[in-house]
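Raw contents of model.cif, mmCIF, N, CA and C atoms:
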data_protein
#
loop_
_atom_site.label_atom_id
_atom_site.label_comp_id
_atom_site.auth_asym_id
_atom_site.auth_seq_id
_atom_site.Cartn_x
_atom_site.Cartn_y
_atom_site.Cartn_z
N MET A 367 96.58 108.98 105.10
CA MET A 367 95.96 109.24 103.83
C MET A 367 95.57 107.90 103.23
N ARG A 368 94.32 107.59 103.31
CA ARG A 368 93.80 106.34 102.77
C ARG A 368 92.72 106.68 101.77
N PHE A 369 92.81 106.06 100.60
CA PHE A 369 91.73 106.20 99.65
C PHE A 369 91.62 104.96 98.80
N ARG A 370 90.44 104.81 98.20
CA ARG A 370 90.12 103.67 97.35
C ARG A 370 89.62 104.19 96.01
N PHE A 371 89.85 103.38 95.00
CA PHE A 371 89.24 103.65 93.71
C PHE A 371 89.16 102.37 92.92
N SER A 372 88.28 102.37 91.95
CA SER A 372 88.10 101.23 91.05
C SER A 372 87.94 101.76 89.64
N PHE A 373 88.31 100.93 88.68
CA PHE A 373 88.09 101.29 87.29
C PHE A 373 88.08 100.02 86.44
N HIS A 374 87.58 100.16 85.25
CA HIS A 374 87.55 99.07 84.28
C HIS A 374 88.55 99.40 83.18
N THR A 375 89.25 98.39 82.70
CA THR A 375 90.19 98.56 81.60
C THR A 375 89.95 97.47 80.56
N ARG A 376 90.33 97.76 79.33
CA ARG A 376 90.23 96.76 78.26
C ARG A 376 91.29 95.67 78.40
N ALA A 377 92.32 95.92 79.20
CA ALA A 377 93.37 94.92 79.40
C ALA A 377 92.82 93.71 80.14
N THR A 378 93.32 92.54 79.77
CA THR A 378 92.92 91.31 80.45
C THR A 378 93.52 91.28 81.85
N PRO A 379 92.97 90.45 82.74
CA PRO A 379 93.58 90.32 84.06
C PRO A 379 95.07 89.94 83.98
N GLU A 380 95.43 89.08 83.05
CA GLU A 380 96.85 88.72 82.90
C GLU A 380 97.69 89.93 82.52
N GLN A 381 97.19 90.74 81.59
CA GLN A 381 97.94 91.93 81.17
C GLN A 381 98.09 92.92 82.32
N VAL A 382 97.03 93.12 83.10
CA VAL A 382 97.08 94.05 84.23
C VAL A 382 98.09 93.56 85.25
N CYS A 383 98.01 92.29 85.61
CA CYS A 383 98.94 91.75 86.61
C CYS A 383 100.38 91.83 86.12
N THR A 384 100.59 91.55 84.84
CA THR A 384 101.94 91.65 84.28
C THR A 384 102.44 93.09 84.35
N ALA A 385 101.58 94.06 84.05
CA ALA A 385 101.99 95.47 84.10
C ALA A 385 102.45 95.87 85.50
N PHE A 386 101.81 95.33 86.51
CA PHE A 386 102.17 95.69 87.89
C PHE A 386 103.34 94.87 88.44
N THR A 387 103.60 93.70 87.85
CA THR A 387 104.63 92.82 88.43
C THR A 387 105.89 92.69 87.58
N ASP A 388 105.88 93.21 86.38
CA ASP A 388 107.07 93.15 85.52
C ASP A 388 108.07 94.18 86.03
N VAL A 389 109.20 93.73 86.55
CA VAL A 389 110.19 94.64 87.10
C VAL A 389 111.41 94.77 86.18
N SER A 390 111.28 94.29 84.96
CA SER A 390 112.35 94.45 83.98
C SER A 390 112.31 95.88 83.43
N ASP A 391 113.17 96.17 82.48
CA ASP A 391 113.15 97.49 81.84
C ASP A 391 111.83 97.75 81.10
N ARG A 392 111.09 96.69 80.82
CA ARG A 392 109.78 96.86 80.17
C ARG A 392 108.83 97.69 81.05
N ARG A 393 109.00 97.62 82.36
CA ARG A 393 108.18 98.42 83.28
C ARG A 393 108.29 99.91 82.95
N LEU A 394 109.49 100.33 82.60
CA LEU A 394 109.69 101.74 82.23
C LEU A 394 108.93 102.10 80.97
N GLN A 395 108.79 101.17 80.04
CA GLN A 395 108.03 101.42 78.82
C GLN A 395 106.53 101.42 79.10
N ILE A 396 106.06 100.41 79.85
CA ILE A 396 104.63 100.31 80.15
C ILE A 396 104.14 101.56 80.89
N TRP A 397 104.87 101.97 81.90
CA TRP A 397 104.45 103.08 82.76
C TRP A 397 105.19 104.38 82.42
N ARG A 398 105.55 104.56 81.17
CA ARG A 398 106.40 105.69 80.75
C ARG A 398 105.78 107.06 81.02
N ARG A 399 104.47 107.16 81.10
CA ARG A 399 103.83 108.47 81.37
C ARG A 399 103.97 108.89 82.82
N THR A 400 104.17 107.92 83.70
CA THR A 400 104.18 108.24 85.13
C THR A 400 105.48 107.89 85.83
N LEU A 401 106.19 106.89 85.38
CA LEU A 401 107.38 106.42 86.07
C LEU A 401 108.63 107.13 85.55
N ASP A 402 109.39 107.71 86.46
CA ASP A 402 110.61 108.44 86.10
C ASP A 402 111.78 107.46 86.05
N PRO A 403 112.38 107.26 84.85
CA PRO A 403 113.51 106.33 84.74
C PRO A 403 114.69 106.69 85.63
N ALA A 404 114.87 107.97 85.92
CA ALA A 404 115.99 108.39 86.76
C ALA A 404 115.82 107.93 88.21
N LYS A 405 114.59 107.68 88.63
CA LYS A 405 114.34 107.26 90.00
C LYS A 405 114.14 105.75 90.11
N TYR A 406 113.99 105.07 88.99
CA TYR A 406 113.66 103.64 89.00
C TYR A 406 114.90 102.79 89.27
N GLU A 407 114.75 101.90 90.25
CA GLU A 407 115.84 100.99 90.58
C GLU A 407 115.26 99.71 91.17
N VAL A 408 115.67 98.58 90.64
CA VAL A 408 115.31 97.29 91.22
C VAL A 408 116.37 96.97 92.26
N ARG A 409 115.98 96.91 93.51
CA ARG A 409 116.92 96.62 94.59
C ARG A 409 117.08 95.11 94.80
N GLU A 410 115.95 94.41 94.75
CA GLU A 410 115.93 92.96 94.92
C GLU A 410 114.70 92.43 94.20
N ALA A 411 114.75 91.17 93.78
CA ALA A 411 113.57 90.58 93.14
C ALA A 411 113.60 89.07 93.30
N GLY A 412 112.43 88.49 93.47
CA GLY A 412 112.24 87.05 93.53
C GLY A 412 111.10 86.66 92.62
N ASP A 413 110.65 85.44 92.74
CA ASP A 413 109.59 84.95 91.87
C ASP A 413 108.26 85.68 92.06
N HIS A 414 107.93 86.02 93.29
CA HIS A 414 106.65 86.66 93.57
C HIS A 414 106.78 87.91 94.42
N TRP A 415 107.92 88.59 94.29
CA TRP A 415 108.14 89.80 95.07
C TRP A 415 109.27 90.61 94.44
N ALA A 416 109.31 91.89 94.79
CA ALA A 416 110.40 92.76 94.35
C ALA A 416 110.45 93.98 95.25
N VAL A 417 111.65 94.51 95.42
CA VAL A 417 111.85 95.77 96.14
C VAL A 417 112.31 96.78 95.09
N LEU A 418 111.51 97.84 94.90
CA LEU A 418 111.76 98.83 93.86
C LEU A 418 111.80 100.22 94.43
N ARG A 419 112.69 101.03 93.90
CA ARG A 419 112.67 102.47 94.16
C ARG A 419 112.02 103.09 92.94
N GLU A 420 110.96 103.86 93.16
CA GLU A 420 110.20 104.46 92.06
C GLU A 420 109.85 105.90 92.40
N GLY A 421 109.57 106.65 91.37
CA GLY A 421 109.12 108.02 91.54
C GLY A 421 108.38 108.48 90.30
N SER A 422 107.58 109.49 90.48
CA SER A 422 106.77 110.03 89.38
C SER A 422 107.55 111.04 88.57
N ARG A 423 107.26 111.07 87.29
CA ARG A 423 107.85 112.08 86.40
C ARG A 423 107.41 113.47 86.84
N GLY A 424 108.31 114.41 86.72
CA GLY A 424 107.96 115.80 86.98
C GLY A 424 107.85 116.16 88.45
N THR A 425 108.24 115.25 89.34
CA THR A 425 108.21 115.55 90.77
C THR A 425 109.53 115.11 91.40
N ARG A 426 109.75 115.55 92.62
CA ARG A 426 110.92 115.09 93.37
C ARG A 426 110.54 113.94 94.29
N ILE A 427 109.33 113.44 94.20
CA ILE A 427 108.82 112.40 95.09
C ILE A 427 109.38 111.04 94.69
N TRP A 428 109.81 110.26 95.69
CA TRP A 428 110.24 108.89 95.46
C TRP A 428 109.79 108.02 96.61
N VAL A 429 109.65 106.72 96.34
CA VAL A 429 109.30 105.73 97.35
C VAL A 429 110.13 104.48 97.13
N LEU A 430 110.36 103.75 98.19
CA LEU A 430 110.98 102.44 98.13
C LEU A 430 109.90 101.47 98.60
N LEU A 431 109.46 100.60 97.69
CA LEU A 431 108.33 99.71 97.96
C LEU A 431 108.74 98.25 97.83
N ARG A 432 108.18 97.43 98.69
CA ARG A 432 108.29 95.98 98.52
C ARG A 432 106.94 95.52 97.97
N TYR A 433 106.97 95.06 96.73
CA TYR A 433 105.79 94.50 96.07
C TYR A 433 105.76 93.00 96.31
N GLU A 434 104.57 92.47 96.49
CA GLU A 434 104.38 91.02 96.61
C GLU A 434 103.14 90.63 95.84
N TRP A 435 103.20 89.50 95.16
CA TRP A 435 102.05 89.00 94.42
C TRP A 435 101.96 87.48 94.58
N PRO A 436 101.69 87.05 95.83
CA PRO A 436 101.65 85.61 96.11
C PRO A 436 100.42 84.91 95.53
N ASP A 437 99.35 85.65 95.34
CA ASP A 437 98.10 85.08 94.84
C ASP A 437 97.76 85.68 93.49
N PRO A 438 97.25 84.88 92.56
CA PRO A 438 96.86 85.42 91.26
C PRO A 438 95.83 86.56 91.43
N GLY A 439 96.05 87.64 90.73
CA GLY A 439 95.10 88.75 90.74
C GLY A 439 95.25 89.73 91.87
N THR A 440 96.24 89.55 92.74
CA THR A 440 96.43 90.47 93.87
C THR A 440 97.89 90.89 93.93
N ILE A 441 98.09 92.20 93.96
CA ILE A 441 99.43 92.77 94.11
C ILE A 441 99.38 93.69 95.33
N ARG A 442 100.30 93.48 96.25
CA ARG A 442 100.36 94.32 97.45
C ARG A 442 101.72 94.99 97.54
N TRP A 443 101.74 96.14 98.19
CA TRP A 443 103.03 96.76 98.46
C TRP A 443 103.07 97.29 99.88
N THR A 444 104.31 97.36 100.37
CA THR A 444 104.60 97.93 101.68
C THR A 444 105.67 98.99 101.47
N LEU A 445 105.45 100.16 102.00
CA LEU A 445 106.42 101.24 101.91
C LEU A 445 107.57 100.96 102.87
N LEU A 446 108.77 100.90 102.34
CA LEU A 446 109.97 100.69 103.15
C LEU A 446 110.66 102.01 103.49
N ASP A 447 110.56 102.98 102.57
CA ASP A 447 111.18 104.29 102.77
C ASP A 447 110.60 105.24 101.72
N SER A 448 110.71 106.51 101.99
CA SER A 448 110.30 107.54 101.02
C SER A 448 110.89 108.86 101.44
N ASP A 449 110.71 109.85 100.60
CA ASP A 449 111.18 111.19 100.94
C ASP A 449 110.11 112.03 101.61
N HIS A 450 108.92 111.44 101.85
CA HIS A 450 107.83 112.28 102.37
C HIS A 450 106.97 111.63 103.45
N CYS A 451 107.05 110.32 103.66
CA CYS A 451 106.26 109.69 104.72
C CYS A 451 106.97 108.45 105.25
N ASP A 452 106.52 108.01 106.42
CA ASP A 452 107.20 106.91 107.11
C ASP A 452 106.50 105.57 107.02
N ARG A 453 105.27 105.54 106.59
CA ARG A 453 104.61 104.24 106.49
C ARG A 453 103.62 104.26 105.33
N GLY A 454 103.33 103.06 104.84
CA GLY A 454 102.35 102.95 103.78
C GLY A 454 102.21 101.53 103.29
N ARG A 455 101.09 101.32 102.65
CA ARG A 455 100.81 100.03 102.04
C ARG A 455 99.74 100.25 100.98
N GLY A 456 99.57 99.25 100.18
CA GLY A 456 98.55 99.34 99.16
C GLY A 456 98.24 97.97 98.60
N GLU A 457 97.15 97.92 97.86
CA GLU A 457 96.72 96.66 97.28
C GLU A 457 95.98 96.92 95.98
N VAL A 458 96.26 96.10 94.99
CA VAL A 458 95.56 96.10 93.71
C VAL A 458 94.96 94.72 93.54
N VAL A 459 93.64 94.67 93.34
CA VAL A 459 92.95 93.40 93.10
C VAL A 459 92.35 93.47 91.70
N VAL A 460 92.70 92.46 90.89
CA VAL A 460 92.29 92.43 89.49
C VAL A 460 91.35 91.26 89.28
N THR A 461 90.17 91.54 88.73
CA THR A 461 89.20 90.48 88.42
C THR A 461 88.72 90.66 86.99
N PRO A 462 88.23 89.59 86.37
CA PRO A 462 87.70 89.73 85.01
C PRO A 462 86.52 90.71 84.99
N GLY A 463 86.49 91.56 83.96
CA GLY A 463 85.39 92.49 83.81
C GLY A 463 84.15 91.79 83.27
N ALA A 464 82.98 92.31 83.59
CA ALA A 464 81.72 91.70 83.17
C ALA A 464 81.61 91.59 81.65
N GLY A 465 82.08 92.60 80.93
CA GLY A 465 81.99 92.60 79.48
C GLY A 465 83.34 92.39 78.81
N GLY A 466 84.27 91.77 79.51
CA GLY A 466 85.63 91.61 79.01
C GLY A 466 86.56 92.57 79.72
N GLY A 467 87.81 92.46 79.45
CA GLY A 467 88.78 93.31 80.13
C GLY A 467 88.87 92.97 81.60
N SER A 468 89.13 93.97 82.42
CA SER A 468 89.34 93.73 83.86
C SER A 468 88.72 94.84 84.69
N ARG A 469 88.36 94.47 85.89
CA ARG A 469 88.02 95.44 86.92
C ARG A 469 89.23 95.50 87.85
N VAL A 470 89.64 96.72 88.20
CA VAL A 470 90.80 96.93 89.06
C VAL A 470 90.34 97.71 90.28
N ASP A 471 90.52 97.11 91.45
CA ASP A 471 90.16 97.74 92.72
C ASP A 471 91.44 98.03 93.48
N VAL A 472 91.58 99.27 93.94
CA VAL A 472 92.84 99.72 94.55
C VAL A 472 92.57 100.37 95.90
N VAL A 473 93.43 100.07 96.86
CA VAL A 473 93.45 100.75 98.15
C VAL A 473 94.88 101.25 98.36
N ILE A 474 95.00 102.52 98.66
CA ILE A 474 96.30 103.12 98.97
C ILE A 474 96.18 103.75 100.35
N ASP A 475 97.14 103.42 101.21
CA ASP A 475 97.12 103.93 102.58
C ASP A 475 98.55 104.29 102.99
N HIS A 476 98.90 105.54 102.82
CA HIS A 476 100.23 106.03 103.22
C HIS A 476 100.03 107.08 104.30
N GLY A 477 100.92 107.10 105.29
CA GLY A 477 100.75 108.03 106.39
C GLY A 477 102.05 108.40 107.05
N ALA A 478 101.92 109.00 108.21
CA ALA A 478 103.06 109.50 108.98
C ALA A 478 103.92 110.42 108.13
N PRO A 479 103.35 111.55 107.70
CA PRO A 479 104.10 112.47 106.84
C PRO A 479 105.34 113.02 107.53
N ARG A 480 106.34 113.28 106.72
CA ARG A 480 107.58 113.90 107.19
C ARG A 480 107.53 115.40 106.95
N GLY A 481 107.26 116.15 107.96
CA GLY A 481 107.25 117.61 107.87
C GLY A 481 106.11 118.17 107.04
N LEU A 482 106.20 119.47 106.79
CA LEU A 482 105.17 120.16 106.00
C LEU A 482 105.11 119.66 104.57
N ARG A 483 106.27 119.41 103.98
CA ARG A 483 106.30 118.89 102.61
C ARG A 483 105.57 117.55 102.54
N GLY A 484 105.83 116.66 103.48
CA GLY A 484 105.15 115.38 103.53
C GLY A 484 103.65 115.51 103.69
N ARG A 485 103.24 116.43 104.56
CA ARG A 485 101.80 116.68 104.74
C ARG A 485 101.17 117.18 103.44
N ALA A 486 101.86 118.08 102.75
CA ALA A 486 101.34 118.62 101.50
C ALA A 486 101.24 117.54 100.43
N ILE A 487 102.24 116.68 100.34
CA ILE A 487 102.22 115.60 99.34
C ILE A 487 101.07 114.64 99.63
N LEU A 488 100.92 114.21 100.87
CA LEU A 488 99.85 113.28 101.20
C LEU A 488 98.47 113.91 101.02
N LEU A 489 98.33 115.19 101.37
CA LEU A 489 97.06 115.88 101.14
C LEU A 489 96.76 115.96 99.65
N GLY A 490 97.77 116.31 98.86
CA GLY A 490 97.58 116.36 97.40
C GLY A 490 97.19 115.02 96.82
N GLN A 491 97.85 113.95 97.31
CA GLN A 491 97.49 112.62 96.83
C GLN A 491 96.09 112.23 97.26
N ARG A 492 95.71 112.61 98.45
CA ARG A 492 94.37 112.29 98.96
C ARG A 492 93.29 113.01 98.15
N LEU A 493 93.57 114.25 97.78
CA LEU A 493 92.58 115.04 97.03
C LEU A 493 92.55 114.69 95.55
N ALA A 494 93.72 114.58 94.94
CA ALA A 494 93.78 114.35 93.49
C ALA A 494 93.88 112.87 93.12
N GLY A 495 94.43 112.05 94.01
CA GLY A 495 94.67 110.64 93.71
C GLY A 495 93.46 109.86 93.23
N PRO A 496 92.30 109.97 93.92
CA PRO A 496 91.14 109.18 93.48
C PRO A 496 90.64 109.54 92.08
N LEU A 497 91.02 110.70 91.58
CA LEU A 497 90.65 111.07 90.21
C LEU A 497 91.78 110.82 89.23
N ALA A 498 93.00 111.22 89.61
CA ALA A 498 94.13 111.14 88.69
C ALA A 498 94.64 109.71 88.50
N PHE A 499 94.79 108.95 89.58
CA PHE A 499 95.36 107.61 89.46
C PHE A 499 94.53 106.71 88.55
N PRO A 500 93.20 106.62 88.74
CA PRO A 500 92.45 105.72 87.84
C PRO A 500 92.53 106.14 86.38
N ARG A 501 92.54 107.44 86.11
CA ARG A 501 92.65 107.90 84.72
C ARG A 501 93.98 107.52 84.11
N LEU A 502 95.07 107.79 84.84
CA LEU A 502 96.41 107.46 84.34
C LEU A 502 96.60 105.96 84.19
N TRP A 503 96.19 105.21 85.20
CA TRP A 503 96.38 103.76 85.15
C TRP A 503 95.51 103.14 84.06
N ARG A 504 94.25 103.58 83.92
CA ARG A 504 93.37 103.04 82.89
C ARG A 504 93.95 103.30 81.50
N SER A 505 94.40 104.52 81.25
CA SER A 505 94.92 104.83 79.92
C SER A 505 96.18 104.00 79.63
N THR A 506 97.02 103.81 80.62
CA THR A 506 98.22 102.98 80.45
C THR A 506 97.84 101.54 80.14
N LEU A 507 96.90 100.99 80.90
CA LEU A 507 96.49 99.59 80.71
C LEU A 507 95.70 99.40 79.42
N ASP A 508 94.87 100.37 79.06
CA ASP A 508 94.14 100.29 77.78
C ASP A 508 95.12 100.32 76.61
N GLU A 509 96.15 101.13 76.71
CA GLU A 509 97.18 101.18 75.66
C GLU A 509 97.92 99.83 75.58
N LEU A 510 98.21 99.26 76.72
CA LEU A 510 98.87 97.96 76.74
C LEU A 510 97.99 96.91 76.06
N ALA A 511 96.69 96.94 76.32
CA ALA A 511 95.77 95.98 75.69
C ALA A 511 95.74 96.18 74.18
N ALA A 512 95.74 97.43 73.75
CA ALA A 512 95.67 97.72 72.30
C ALA A 512 96.94 97.31 71.57
N THR A 513 98.09 97.45 72.21
CA THR A 513 99.34 97.11 71.54
C THR A 513 99.68 95.64 71.65
N SER A 514 98.97 94.89 72.49
CA SER A 514 99.25 93.47 72.66
C SER A 514 98.36 92.59 71.79
N VAL A 515 97.54 93.22 70.97
CA VAL A 515 96.60 92.45 70.14
C VAL A 515 97.31 91.75 69.03
#
Output the file's structure as structure tokens, nothing else.
Amino acid sequence: MRFRFSFHTRATPEQVCTAFTDVSDRRLQIWRRTLDPAKYEVREAGDHWAVLREGSRGTRIWVLLRYEWPDPGTIRWTLLDSDHCDRGRGEVVVTPGAGGGSRVDVVIDHGAPRGLRGRAILLGQRLAGPLAFPRLWRSTLDELAATSV
């Protein structure tokens, strides 16, 4: 299941990168519409990387991801474990927007589903993800930009 999407947000590139790389309890506040606090756990963290267990609100889905952000404007993740698939990776690239704010380009590639449930989850993400993820992420980042003024 591989898909791409892009969107523009009013948040600055710094704000976007901070939203994706802040692994403190503030992450739960920033992503409160989508991130389930009961599933959130920081397993390990360094200066430019973190291993996090995360899951979406209202679902039983969880993932264990290793995030890395060695270069400014780029956040990558590798799936270490999940309840529905055996492999995955993704990338977020943040650049300044033409009229201010930021352009966010995303690639998500998760595969090797575990059973029928895994196939259903990946199919659902493939069908709904390119529409739902940019809307949810944009609204979260736009809110962050508005409250950081």
Inset, instruction - Could you state which residues are captured by the PyMOL selection byres ((chain A and resi 444-454) around 6.5) in this file, as a PyMOL selection string? - result: chain A and resi 427-434+442-443+455-456+475-481+483-485
Evaluate the PyMOL selection byres ((chain A and resi 460-471) around 6.5) and report residues as a compact mmCIF listing (two decimals) with N, CA and C atoms, in the frame of the given file:
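Saved as expr.txt:
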# COMPACT_ATOMS: atom_id res chain seq x y z
N PHE A 371 89.85 103.38 95.00
CA PHE A 371 89.24 103.65 93.71
C PHE A 371 89.16 102.37 92.92
N SER A 372 88.28 102.37 91.95
CA SER A 372 88.10 101.23 91.05
C SER A 372 87.94 101.76 89.64
N PHE A 373 88.31 100.93 88.68
CA PHE A 373 88.09 101.29 87.29
C PHE A 373 88.08 100.02 86.44
N HIS A 374 87.58 100.16 85.25
CA HIS A 374 87.55 99.07 84.28
C HIS A 374 88.55 99.40 83.18
N THR A 375 89.25 98.39 82.70
CA THR A 375 90.19 98.56 81.60
C THR A 375 89.95 97.47 80.56
N ARG A 376 90.33 97.76 79.33
CA ARG A 376 90.23 96.76 78.26
C ARG A 376 91.29 95.67 78.40
N ALA A 377 92.32 95.92 79.20
CA ALA A 377 93.37 94.92 79.40
C ALA A 377 92.82 93.71 80.14
N THR A 378 93.32 92.54 79.77
CA THR A 378 92.92 91.31 80.45
C THR A 378 93.52 91.28 81.85
N PRO A 379 92.97 90.45 82.74
CA PRO A 379 93.58 90.32 84.06
C PRO A 379 95.07 89.94 83.98
N GLY A 439 96.05 87.64 90.73
CA GLY A 439 95.10 88.75 90.74
C GLY A 439 95.25 89.73 91.87
N THR A 440 96.24 89.55 92.74
CA THR A 440 96.43 90.47 93.87
C THR A 440 97.89 90.89 93.93
N ILE A 441 98.09 92.20 93.96
CA ILE A 441 99.43 92.77 94.11
C ILE A 441 99.38 93.69 95.33
N GLU A 457 97.15 97.92 97.86
CA GLU A 457 96.72 96.66 97.28
C GLU A 457 95.98 96.92 95.98
N VAL A 458 96.26 96.10 94.99
CA VAL A 458 95.56 96.10 93.71
C VAL A 458 94.96 94.72 93.54
N VAL A 459 93.64 94.67 93.34
CA VAL A 459 92.95 93.40 93.10
C VAL A 459 92.35 93.47 91.70
N VAL A 472 91.58 99.27 93.94
CA VAL A 472 92.84 99.72 94.55
C VAL A 472 92.57 100.37 95.90
N VAL A 473 93.43 100.07 96.86
CA VAL A 473 93.45 100.75 98.15
C VAL A 473 94.88 101.25 98.36
Inset, instruction - Please provide the set of residues having any atom within 9 Å of Gly495 of chain A, restricted to only C-alpha atoms, with same-chain residues fewer than 4 positions apart removed, written as a list in words. - result: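 Near neighbours after the sequence-gap exclusion: Phe369, Phe371, Gly490, Gln491, Phe499 and Pro500 of chain A.
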Those residues you just picked out, can you put them in a file as a CSV table (one decimal), in the coordinates of the input with N, CA and C atoms?
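See selection.csv below for the written result:
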chain,number,residue,atom,x,y,z
A,369,PHE,N,92.8,106.1,100.6
A,369,PHE,CA,91.7,106.2,99.6
A,369,PHE,C,91.6,105.0,98.8
A,371,PHE,N,89.8,103.4,95.0
A,371,PHE,CA,89.2,103.6,93.7
A,371,PHE,C,89.2,102.4,92.9
A,490,GLY,N,97.8,116.3,98.9
A,490,GLY,CA,97.6,116.4,97.4
A,490,GLY,C,97.2,115.0,96.8
A,491,GLN,N,97.8,114.0,97.3
A,491,GLN,CA,97.5,112.6,96.8
A,491,GLN,C,96.1,112.2,97.3
A,499,PHE,N,94.8,109.0,89.6
A,499,PHE,CA,95.4,107.6,89.5
A,499,PHE,C,94.5,106.7,88.6
A,500,PRO,N,93.2,106.6,88.7
A,500,PRO,CA,92.4,105.7,87.8
A,500,PRO,C,92.5,106.1,86.4
Inset, instruction - Name the residues within 6.5 Å of (110.7, 110.1, 84.7), counting all atoms listed in the file in the file's coordinates, and put them as a ChimeraX atom specification. - result: /A:400-405,421-424
Polymer residues at most 7 Å from Ala385 of chain A, only N, CA and C atoms, same-chain spacing of 5 or more positions, as an mmCIF file with N, CA and C atoms, keeping the file's coordinate frame:
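To be explicit, this is the file written out as around_18.cif:
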data_model
loop_
_atom_site.group_PDB
_atom_site.id
_atom_site.type_symbol
_atom_site.label_atom_id
_atom_site.label_comp_id
_atom_site.auth_asym_id
_atom_site.auth_seq_id
_atom_site.Cartn_x
_atom_site.Cartn_y
_atom_site.Cartn_z
ATOM 1 N N GLU A 380 95.430 89.080 83.050
ATOM 2 C CA GLU A 380 96.850 88.720 82.900
ATOM 3 C C GLU A 380 97.690 89.930 82.520
ATOM 4 N N ARG A 393 109.000 97.620 82.360
ATOM 5 C CA ARG A 393 108.180 98.420 83.280
ATOM 6 C C ARG A 393 108.290 99.910 82.950
ATOM 7 N N ILE A 396 106.060 100.410 79.850
ATOM 8 C CA ILE A 396 104.630 100.310 80.150
ATOM 9 C C ILE A 396 104.140 101.560 80.890
#
